[in-house]
Amino acid sequence: MYSLESHARGYLIFSMFAFGTVGLFVHYIPLPSSIIALSRASLGAAFLFLLVRFRHMPMSKEQIRDNLKLLIISGICIGINWILLFEAFRHTTLAIASICYYMAPVFVILVSPVLLHETLTARKVVCVLLALLGMMFVSGIFENGLSDITDLSGVFFALGAAVFYASVIVCNKKFSPISAYDKTIIQLAAAAVVLLPYTLITENWSALSCTPFQLFLLLVLSLFVTGFAYSLFFGAMGYLKAQTVAILTYIDPIVAVFLSALFLQEPLAVSTIIGAVLILGSTLISELRA
């Protein structure tokens, strides 16, 4: 079992690194965030569906049926999560939205004793608090303060996104046996169903334009960073405690920060380095066996 846990932890970490590249892709794709989200969900689901067909891996109707309710709920949560997060970025600063959004792992750890019957250790509590403190350093909140909040609704949008992200993690921990591909396909498809009407209502499709290279980036983002990485992400959850998953998700923003500094020449402040040490250090400590 330890070997399975080790592999699952590796898959989860890999998916977190993949998710950390999303911001870099979006930077070079001049499309509204809702359309990018819809592409991620729909193309990611289609890619995985064609992959399992090509590899002659039949989808288990019985396993899907046994988990259908949770699969649909989780997929809807993914779609709403993305919508709320994008709205948060529109109504407040990226720093404030990010801090609120990364309350999700805190929510997971706090509810795991009740919903998942996992033991909440003092070390886990301390580690998640240190990770949250690290996120505050990374965001620059200590340097800029709260003066940049333009609309408190942005804070509530981000906290709402965090709740739905935490819900996705909890739902995936409660599934009965089902393959990673099956549950990822259904969840992304459900997310696409949620995102489609929202995007049709809020976006002017006739005004959209994209170069071939930008479309290529969108395909990579949708097929690999979303479809493939989410299959690893959801697959790993079945072998790891929800509290472990919650802690390891902090790798995502750290990767994003360093990639933005490396490729976009955004300054890497001392506070960012301190935050990275706190987040990665707390992640390591939380995973050390007593």
# chains A, B, ... in the order shown; residues from 1 in each chain; ligands from 1
call {"tool": "residues_around", "arguments": {"residues": "Leu217 (chain A)", "least_positions_apart": "6", "cutoff": "10 Å", "atoms": "only C-alpha atoms", "output": "list in words"}}
result
Phe25, Val26, Tyr28, Ile29, Thr211 and Leu223 of chain A
call {"tool": "residues_around", "arguments": {"residues": "Phe263 (chain A)", "least_positions_apart": "3", "cutoff": "12 Å", "atoms": "only C-alpha atoms", "output": "list of chain:residue names"}}
result
A:Thr21, A:Gly23, A:Leu24, A:Phe25, A:His27, A:Tyr28, A:Val255, A:Ala256, A:Val257, A:Phe258, A:Leu259, A:Ser260, A:Glu266, A:Pro267, A:Leu268
call {"tool": "write_last_selection", "arguments": {"atoms": "N, CA, C and O atoms", "output": "compact mmCIF listing (two decimals), in the first residue's frame"}}
result
# COMPACT_ATOMS: atom_id res chain seq x y z
N THR A 21 1.17 25.71 -14.52
CA THR A 21 1.49 26.34 -15.80
C THR A 21 0.29 27.03 -16.44
O THR A 21 0.44 27.69 -17.47
N GLY A 23 -1.54 29.62 -15.71
CA GLY A 23 -1.42 31.07 -15.83
C GLY A 23 -0.52 31.49 -16.98
O GLY A 23 -0.80 32.48 -17.67
N LEU A 24 0.55 30.73 -17.18
CA LEU A 24 1.47 31.03 -18.27
C LEU A 24 0.79 30.84 -19.62
O LEU A 24 0.94 31.66 -20.54
N PHE A 25 0.03 29.76 -19.76
CA PHE A 25 -0.72 29.53 -21.01
C PHE A 25 -1.73 30.64 -21.24
O PHE A 25 -1.83 31.19 -22.34
N HIS A 27 -1.77 33.61 -20.23
CA HIS A 27 -1.12 34.88 -20.55
C HIS A 27 -0.95 35.06 -22.05
O HIS A 27 -1.04 36.18 -22.57
N TYR A 28 -0.71 33.95 -22.76
CA TYR A 28 -0.45 34.03 -24.20
C TYR A 28 -1.67 33.67 -25.05
O TYR A 28 -1.56 33.60 -26.27
N VAL A 255 4.57 27.01 -8.21
CA VAL A 255 5.04 26.79 -9.57
C VAL A 255 4.65 27.97 -10.46
O VAL A 255 5.45 28.47 -11.26
N ALA A 256 3.43 28.44 -10.31
CA ALA A 256 2.95 29.56 -11.11
C ALA A 256 3.78 30.81 -10.89
O ALA A 256 4.13 31.52 -11.84
N VAL A 257 4.12 31.07 -9.64
CA VAL A 257 4.90 32.26 -9.32
C VAL A 257 6.29 32.19 -9.95
O VAL A 257 6.76 33.16 -10.56
N PHE A 258 6.95 31.05 -9.82
CA PHE A 258 8.31 30.93 -10.36
C PHE A 258 8.31 30.93 -11.89
O PHE A 258 9.22 31.48 -12.51
N LEU A 259 7.30 30.35 -12.52
CA LEU A 259 7.24 30.38 -13.98
C LEU A 259 7.00 31.79 -14.49
O LEU A 259 7.55 32.18 -15.52
N SER A 260 6.18 32.54 -13.78
CA SER A 260 5.92 33.92 -14.20
C SER A 260 7.19 34.77 -14.09
O SER A 260 7.44 35.65 -14.91
N GLU A 266 8.55 38.73 -14.40
CA GLU A 266 7.95 39.38 -13.25
C GLU A 266 8.90 39.25 -12.06
O GLU A 266 9.49 38.18 -11.86
N PRO A 267 9.07 40.31 -11.29
CA PRO A 267 10.07 40.28 -10.20
C PRO A 267 9.78 39.23 -9.16
O PRO A 267 8.63 39.02 -8.77
N LEU A 268 10.84 38.55 -8.70
CA LEU A 268 10.72 37.54 -7.65
C LEU A 268 11.20 38.17 -6.35
O LEU A 268 12.39 38.22 -6.06
call {"tool": "residues_around", "arguments": {"residues": "Ile186 (chain A)", "least_positions_apart": "3", "cutoff": "9 Å", "atoms": "only C-alpha atoms", "output": "PDB file with all heavy atoms, in the first residue's frame"}}
result
ATOM      1  N   ALA A  45     -12.409  16.562 -21.748  1.00  0.00           N
ATOM      2  CA  ALA A  45     -13.284  15.386 -21.662  1.00  0.00           C
ATOM      3  C   ALA A  45     -13.270  14.604 -22.979  1.00  0.00           C
ATOM      4  O   ALA A  45     -13.192  13.371 -22.982  1.00  0.00           O
ATOM      5  CB  ALA A  45     -14.706  15.826 -21.327  1.00  0.00           C
ATOM      6  N   ILE A  64     -19.666   3.805 -13.244  1.00  0.00           N
ATOM      7  CA  ILE A  64     -20.173   5.155 -13.469  1.00  0.00           C
ATOM      8  C   ILE A  64     -21.548   5.310 -12.847  1.00  0.00           C
ATOM      9  O   ILE A  64     -21.851   6.325 -12.196  1.00  0.00           O
ATOM     10  CB  ILE A  64     -20.214   5.483 -14.974  1.00  0.00           C
ATOM     11  CG1 ILE A  64     -18.788   5.574 -15.537  1.00  0.00           C
ATOM     12  CG2 ILE A  64     -20.975   6.787 -15.224  1.00  0.00           C
ATOM     13  CD1 ILE A  64     -18.735   5.772 -17.029  1.00  0.00           C
ATOM     14  N   LEU A  68     -22.572   7.984 -10.155  1.00  0.00           N
ATOM     15  CA  LEU A  68     -23.078   9.031 -11.043  1.00  0.00           C
ATOM     16  C   LEU A  68     -23.465  10.307 -10.299  1.00  0.00           C
ATOM     17  O   LEU A  68     -23.145  11.415 -10.747  1.00  0.00           O
ATOM     18  CB  LEU A  68     -24.279   8.504 -11.832  1.00  0.00           C
ATOM     19  CG  LEU A  68     -24.801   9.446 -12.931  1.00  0.00           C
ATOM     20  CD1 LEU A  68     -23.699   9.762 -13.925  1.00  0.00           C
ATOM     21  CD2 LEU A  68     -26.004   8.827 -13.628  1.00  0.00           C
ATOM     22  N   LEU A  71     -20.374  12.092  -9.236  1.00  0.00           N
ATOM     23  CA  LEU A  71     -19.652  12.552 -10.425  1.00  0.00           C
ATOM     24  C   LEU A  71     -20.271  13.836 -10.970  1.00  0.00           C
ATOM     25  O   LEU A  71     -19.543  14.792 -11.310  1.00  0.00           O
ATOM     26  CB  LEU A  71     -19.676  11.468 -11.500  1.00  0.00           C
ATOM     27  CG  LEU A  71     -18.757  10.269 -11.295  1.00  0.00           C
ATOM     28  CD1 LEU A  71     -19.097   9.160 -12.289  1.00  0.00           C
ATOM     29  CD2 LEU A  71     -17.288  10.676 -11.440  1.00  0.00           C
ATOM     30  N   ILE A  72     -21.573  13.862 -11.059  1.00  0.00           N
ATOM     31  CA  ILE A  72     -22.246  15.048 -11.584  1.00  0.00           C
ATOM     32  C   ILE A  72     -22.079  16.229 -10.623  1.00  0.00           C
ATOM     33  O   ILE A  72     -21.792  17.360 -11.050  1.00  0.00           O
ATOM     34  CB  ILE A  72     -23.739  14.754 -11.821  1.00  0.00           C
ATOM     35  CG1 ILE A  72     -23.888  13.732 -12.962  1.00  0.00           C
ATOM     36  CG2 ILE A  72     -24.491  16.036 -12.155  1.00  0.00           C
ATOM     37  CD1 ILE A  72     -25.310  13.287 -13.198  1.00  0.00           C
ATOM     38  N   GLY A  75     -18.515  17.471 -10.932  1.00  0.00           N
ATOM     39  CA  GLY A  75     -18.324  18.189 -12.192  1.00  0.00           C
ATOM     40  C   GLY A  75     -18.953  19.565 -12.165  1.00  0.00           C
ATOM     41  O   GLY A  75     -18.364  20.545 -12.638  1.00  0.00           O
ATOM     42  N   TYR A 181      -9.797   7.542 -15.459  1.00  0.00           N
ATOM     43  CA  TYR A 181     -10.255   8.076 -16.737  1.00  0.00           C
ATOM     44  C   TYR A 181     -11.766   8.267 -16.742  1.00  0.00           C
ATOM     45  O   TYR A 181     -12.279   9.297 -17.195  1.00  0.00           O
ATOM     46  CB  TYR A 181      -9.848   7.148 -17.884  1.00  0.00           C
ATOM     47  CG  TYR A 181      -8.385   7.209 -18.229  1.00  0.00           C
ATOM     48  CD1 TYR A 181      -7.580   6.072 -18.182  1.00  0.00           C
ATOM     49  CD2 TYR A 181      -7.798   8.409 -18.610  1.00  0.00           C
ATOM     50  CE1 TYR A 181      -6.234   6.127 -18.490  1.00  0.00           C
ATOM     51  CE2 TYR A 181      -6.450   8.484 -18.926  1.00  0.00           C
ATOM     52  CZ  TYR A 181      -5.666   7.335 -18.875  1.00  0.00           C
ATOM     53  OH  TYR A 181      -4.339   7.405 -19.184  1.00  0.00           O
ATOM     54  N   ASP A 182     -12.496   7.272 -16.248  1.00  0.00           N
ATOM     55  CA  ASP A 182     -13.951   7.358 -16.255  1.00  0.00           C
ATOM     56  C   ASP A 182     -14.441   8.555 -15.453  1.00  0.00           C
ATOM     57  O   ASP A 182     -15.291   9.330 -15.910  1.00  0.00           O
ATOM     58  CB  ASP A 182     -14.569   6.073 -15.700  1.00  0.00           C
ATOM     59  CG  ASP A 182     -14.442   4.897 -16.655  1.00  0.00           C
ATOM     60  OD1 ASP A 182     -13.907   5.095 -17.760  1.00  0.00           O
ATOM     61  OD2 ASP A 182     -14.864   3.776 -16.289  1.00  0.00           O
ATOM     62  N   LYS A 183     -13.929   8.692 -14.252  1.00  0.00           N
ATOM     63  CA  LYS A 183     -14.434   9.778 -13.411  1.00  0.00           C
ATOM     64  C   LYS A 183     -13.986  11.145 -13.909  1.00  0.00           C
ATOM     65  O   LYS A 183     -14.714  12.132 -13.770  1.00  0.00           O
ATOM     66  CB  LYS A 183     -14.041   9.575 -11.945  1.00  0.00           C
ATOM     67  CG  LYS A 183     -12.563   9.590 -11.621  1.00  0.00           C
ATOM     68  CD  LYS A 183     -12.389   9.322 -10.124  1.00  0.00           C
ATOM     69  CE  LYS A 183     -10.946   9.188  -9.717  1.00  0.00           C
ATOM     70  NZ  LYS A 183     -10.802   8.904  -8.264  1.00  0.00           N
ATOM     71  N   ALA A 189     -16.985  16.654 -18.375  1.00  0.00           N
ATOM     72  CA  ALA A 189     -18.173  16.828 -19.224  1.00  0.00           C
ATOM     73  C   ALA A 189     -19.255  17.595 -18.467  1.00  0.00           C
ATOM     74  O   ALA A 189     -19.911  18.485 -19.031  1.00  0.00           O
ATOM     75  CB  ALA A 189     -18.693  15.469 -19.685  1.00  0.00           C
ATOM     76  N   ALA A 190     -19.453  17.258 -17.198  1.00  0.00           N
ATOM     77  CA  ALA A 190     -20.438  17.973 -16.385  1.00  0.00           C
ATOM     78  C   ALA A 190     -20.042  19.435 -16.213  1.00  0.00           C
ATOM     79  O   ALA A 190     -20.889  20.340 -16.250  1.00  0.00           O
ATOM     80  CB  ALA A 190     -20.577  17.299 -15.018  1.00  0.00           C
ATOM     81  N   ALA A 191     -18.739  19.683 -16.041  1.00  0.00           N
ATOM     82  CA  ALA A 191     -18.266  21.063 -15.932  1.00  0.00           C
ATOM     83  C   ALA A 191     -18.544  21.830 -17.218  1.00  0.00           C
ATOM     84  O   ALA A 191     -18.931  23.004 -17.189  1.00  0.00           O
ATOM     85  CB  ALA A 191     -16.769  21.075 -15.620  1.00  0.00           C
TER      86      ALA A 191
END
call {"tool": "closest_residue", "arguments": {"among": "A:Val277, A:Ile201, A:Ile80, A:Val194", "to": "Leu133 (chain A)", "atoms": "only C-alpha atoms"}}
result
A:Val277
call {"tool": "residues_around", "arguments": {"residues": "Val126 (chain A)", "least_positions_apart": "4", "cutoff": "12 Å", "atoms": "only C-alpha atoms", "output": "number ranges by chain"}}
result
A: 106, 109, 120-122, 130-133, 247, 278-279, 281-283, 285-286
call {"tool": "closest_residue", "arguments": {"among": "A:Val111, A:Ala161, A:Met237, A:Ala104", "to": "Leu4 (chain A)", "atoms": "only C-alpha atoms"}}
result
A:Met237
call {"tool": "closest_residue", "arguments": {"among": "A:Tyr250, A:Phe47, A:Phe213, A:Trp82", "to": "Thr184 (chain A)", "atoms": "only C-alpha atoms"}}
result
A:Phe47
call {"tool": "residues_around", "arguments": {"residues": "Arg40 (chain A)", "least_positions_apart": "4", "cutoff": "9 Å", "atoms": "only C-alpha atoms", "output": "tab-separated table (two decimals) with C-alpha atoms, in the first residue's frame"}}
result
chain	number	residue	atom	x	y	z
A	35	ILE	CA	-14.11	30.52	-23.02
A	36	ILE	CA	-10.73	29.15	-21.98
A	44	GLY	CA	-10.28	17.71	-22.00
A	45	ALA	CA	-13.28	15.39	-21.66
A	188	LEU	CA	-15.12	17.45	-17.04
A	192	ALA	CA	-18.61	21.82	-19.65
A	218	LEU	CA	-5.23	26.35	-26.14
A	219	LEU	CA	-5.19	22.75	-27.33
A	221	LEU	CA	-3.82	23.58	-22.20
A	222	SER	CA	-7.08	21.71	-22.76
A	223	LEU	CA	-5.74	18.28	-23.67
A	225	VAL	CA	-2.76	20.40	-18.70
A	226	THR	CA	-6.46	19.71	-18.17
A	227	GLY	CA	-7.44	16.31	-19.58
call {"tool": "residues_around", "arguments": {"residues": "Ala236 (chain A)", "least_positions_apart": "2", "cutoff": "9 Å", "atoms": "only C-alpha atoms", "output": "PyMOL selection string"}}
result
chain A and resi 5+7-12+180+231-234+238-240+245
call {"tool": "write_last_selection", "arguments": {"atoms": "N, CA, C and O atoms", "output": "PDB file, in the first residue's frame"}}
result
ATOM      1  N   GLU A   5       0.696   4.506  -2.414  1.00  0.00           N
ATOM      2  CA  GLU A   5       0.646   5.871  -1.897  1.00  0.00           C
ATOM      3  C   GLU A   5       1.769   6.714  -2.489  1.00  0.00           C
ATOM      4  O   GLU A   5       1.567   7.888  -2.824  1.00  0.00           O
ATOM      5  N   HIS A   7       3.334   6.301  -5.388  1.00  0.00           N
ATOM      6  CA  HIS A   7       3.024   6.608  -6.783  1.00  0.00           C
ATOM      7  C   HIS A   7       1.919   7.661  -6.872  1.00  0.00           C
ATOM      8  O   HIS A   7       1.992   8.581  -7.696  1.00  0.00           O
ATOM      9  N   ALA A   8       0.906   7.519  -6.047  1.00  0.00           N
ATOM     10  CA  ALA A   8      -0.195   8.475  -6.054  1.00  0.00           C
ATOM     11  C   ALA A   8       0.302   9.867  -5.692  1.00  0.00           C
ATOM     12  O   ALA A   8      -0.100  10.869  -6.301  1.00  0.00           O
ATOM     13  N   ARG A   9       1.190   9.941  -4.713  1.00  0.00           N
ATOM     14  CA  ARG A   9       1.748  11.232  -4.320  1.00  0.00           C
ATOM     15  C   ARG A   9       2.541  11.846  -5.475  1.00  0.00           C
ATOM     16  O   ARG A   9       2.456  13.049  -5.738  1.00  0.00           O
ATOM     17  N   GLY A  10       3.285  11.001  -6.193  1.00  0.00           N
ATOM     18  CA  GLY A  10       4.036  11.485  -7.347  1.00  0.00           C
ATOM     19  C   GLY A  10       3.123  11.992  -8.451  1.00  0.00           C
ATOM     20  O   GLY A  10       3.383  13.039  -9.059  1.00  0.00           O
ATOM     21  N   TYR A  11       2.032  11.267  -8.726  1.00  0.00           N
ATOM     22  CA  TYR A  11       1.067  11.704  -9.735  1.00  0.00           C
ATOM     23  C   TYR A  11       0.429  13.030  -9.338  1.00  0.00           C
ATOM     24  O   TYR A  11       0.218  13.916 -10.182  1.00  0.00           O
ATOM     25  N   LEU A  12       0.093  13.153  -8.053  1.00  0.00           N
ATOM     26  CA  LEU A  12      -0.541  14.376  -7.589  1.00  0.00           C
ATOM     27  C   LEU A  12       0.411  15.565  -7.723  1.00  0.00           C
ATOM     28  O   LEU A  12       0.015  16.653  -8.171  1.00  0.00           O
ATOM     29  N   ALA A 180      -9.696   6.224 -13.007  1.00  0.00           N
ATOM     30  CA  ALA A 180      -9.392   7.652 -13.057  1.00  0.00           C
ATOM     31  C   ALA A 180      -9.905   8.282 -14.341  1.00  0.00           C
ATOM     32  O   ALA A 180     -10.405   9.414 -14.344  1.00  0.00           O
ATOM     33  N   SER A 231      -6.740  13.645 -14.939  1.00  0.00           N
ATOM     34  CA  SER A 231      -6.877  12.194 -14.743  1.00  0.00           C
ATOM     35  C   SER A 231      -5.886  11.707 -13.687  1.00  0.00           C
ATOM     36  O   SER A 231      -6.204  10.839 -12.872  1.00  0.00           O
ATOM     37  N   LEU A 232      -4.674  12.276 -13.687  1.00  0.00           N
ATOM     38  CA  LEU A 232      -3.697  11.937 -12.646  1.00  0.00           C
ATOM     39  C   LEU A 232      -4.149  12.466 -11.286  1.00  0.00           C
ATOM     40  O   LEU A 232      -4.035  11.788 -10.262  1.00  0.00           O
ATOM     41  N   PHE A 233      -4.665  13.695 -11.298  1.00  0.00           N
ATOM     42  CA  PHE A 233      -5.115  14.345 -10.068  1.00  0.00           C
ATOM     43  C   PHE A 233      -6.228  13.550  -9.399  1.00  0.00           C
ATOM     44  O   PHE A 233      -6.147  13.202  -8.213  1.00  0.00           O
ATOM     45  N   PHE A 234      -7.267  13.220 -10.165  1.00  0.00           N
ATOM     46  CA  PHE A 234      -8.383  12.470  -9.606  1.00  0.00           C
ATOM     47  C   PHE A 234      -7.988  11.034  -9.270  1.00  0.00           C
ATOM     48  O   PHE A 234      -8.458  10.451  -8.298  1.00  0.00           O
ATOM     49  N   GLY A 238      -7.671   8.669  -4.713  1.00  0.00           N
ATOM     50  CA  GLY A 238      -8.168   7.451  -4.112  1.00  0.00           C
ATOM     51  C   GLY A 238      -7.185   6.772  -3.184  1.00  0.00           C
ATOM     52  O   GLY A 238      -7.565   5.901  -2.402  1.00  0.00           O
ATOM     53  N   TYR A 239      -5.911   7.173  -3.247  1.00  0.00           N
ATOM     54  CA  TYR A 239      -4.876   6.515  -2.443  1.00  0.00           C
ATOM     55  C   TYR A 239      -4.258   7.445  -1.394  1.00  0.00           C
ATOM     56  O   TYR A 239      -3.336   7.050  -0.685  1.00  0.00           O
ATOM     57  N   LEU A 240      -4.749   8.669  -1.321  1.00  0.00           N
ATOM     58  CA  LEU A 240      -4.181   9.635  -0.392  1.00  0.00           C
ATOM     59  C   LEU A 240      -5.270  10.207   0.511  1.00  0.00           C
ATOM     60  O   LEU A 240      -6.426  10.313   0.112  1.00  0.00           O
ATOM     61  N   VAL A 245      -3.839  15.630   0.259  1.00  0.00           N
ATOM     62  CA  VAL A 245      -4.170  16.287  -1.006  1.00  0.00           C
ATOM     63  C   VAL A 245      -4.257  17.794  -0.805  1.00  0.00           C
ATOM     64  O   VAL A 245      -3.739  18.576  -1.612  1.00  0.00           O
TER      65      VAL A 245
END
call {"tool": "closest_residue", "arguments": {"among": "A:Asn172, A:Leu43, A:Leu38, A:Ala261", "to": "Phe224 (chain A)", "atoms": "only C-alpha atoms"}}
result
A:Leu43
call {"tool": "select_by_dssp", "arguments": {"residues": "region 31-236 of chain A", "states": "helix (DSSP H, G or I)", "output": "PyMOL selection string"}}
result
chain A and resi 33-54+61-91+94-101+104-115+122-139+141-144+152-173+180-202+205-207+212-236
call {"tool": "residues_around", "arguments": {"residues": "Ala46 (chain A)", "least_positions_apart": "4", "cutoff": "8 Å", "atoms": "only C-alpha atoms", "output": "VMD selection string"}}
result
chain A and resid 42 50 185
call {"tool": "write_last_selection", "arguments": {"atoms": "N, CA, C and O atoms", "output": "PDB file, in the first residue's frame"}}
result
ATOM      1  N   SER A  42     -14.475  20.921 -22.056  1.00  0.00           N
ATOM      2  CA  SER A  42     -15.041  20.150 -23.166  1.00  0.00           C
ATOM      3  C   SER A  42     -13.973  19.390 -23.935  1.00  0.00           C
ATOM      4  O   SER A  42     -14.121  18.185 -24.216  1.00  0.00           O
ATOM      5  N   LEU A  50     -11.723   9.872 -26.291  1.00  0.00           N
ATOM      6  CA  LEU A  50     -11.122   9.293 -27.493  1.00  0.00           C
ATOM      7  C   LEU A  50      -9.909   8.427 -27.133  1.00  0.00           C
ATOM      8  O   LEU A  50      -9.654   7.404 -27.774  1.00  0.00           O
ATOM      9  N   ILE A 185     -13.515  11.971 -17.147  1.00  0.00           N
ATOM     10  CA  ILE A 185     -14.344  12.266 -18.322  1.00  0.00           C
ATOM     11  C   ILE A 185     -15.706  12.797 -17.901  1.00  0.00           C
ATOM     12  O   ILE A 185     -16.179  13.829 -18.408  1.00  0.00           O
TER      13      ILE A 185
END
call {"tool": "closest_residue", "arguments": {"among": "A:Ser206, A:Ser271, A:Ser34, A:Gln265", "to": "Asn81 (chain A)", "atoms": "only C-alpha atoms"}}
result
A:Ser34
call {"tool": "atom_distance", "arguments": {"atom1": "CA of Ile13 (chain A)", "atom2": "CA of Leu215 (chain A)"}}
result
27.1 Å
call {"tool": "closest_residue", "arguments": {"among": "A:Gln214, A:Leu129, A:Ala246, A:Arg55", "to": "Val170 (chain A)", "atoms": "only C-alpha atoms"}}
result
A:Ala246
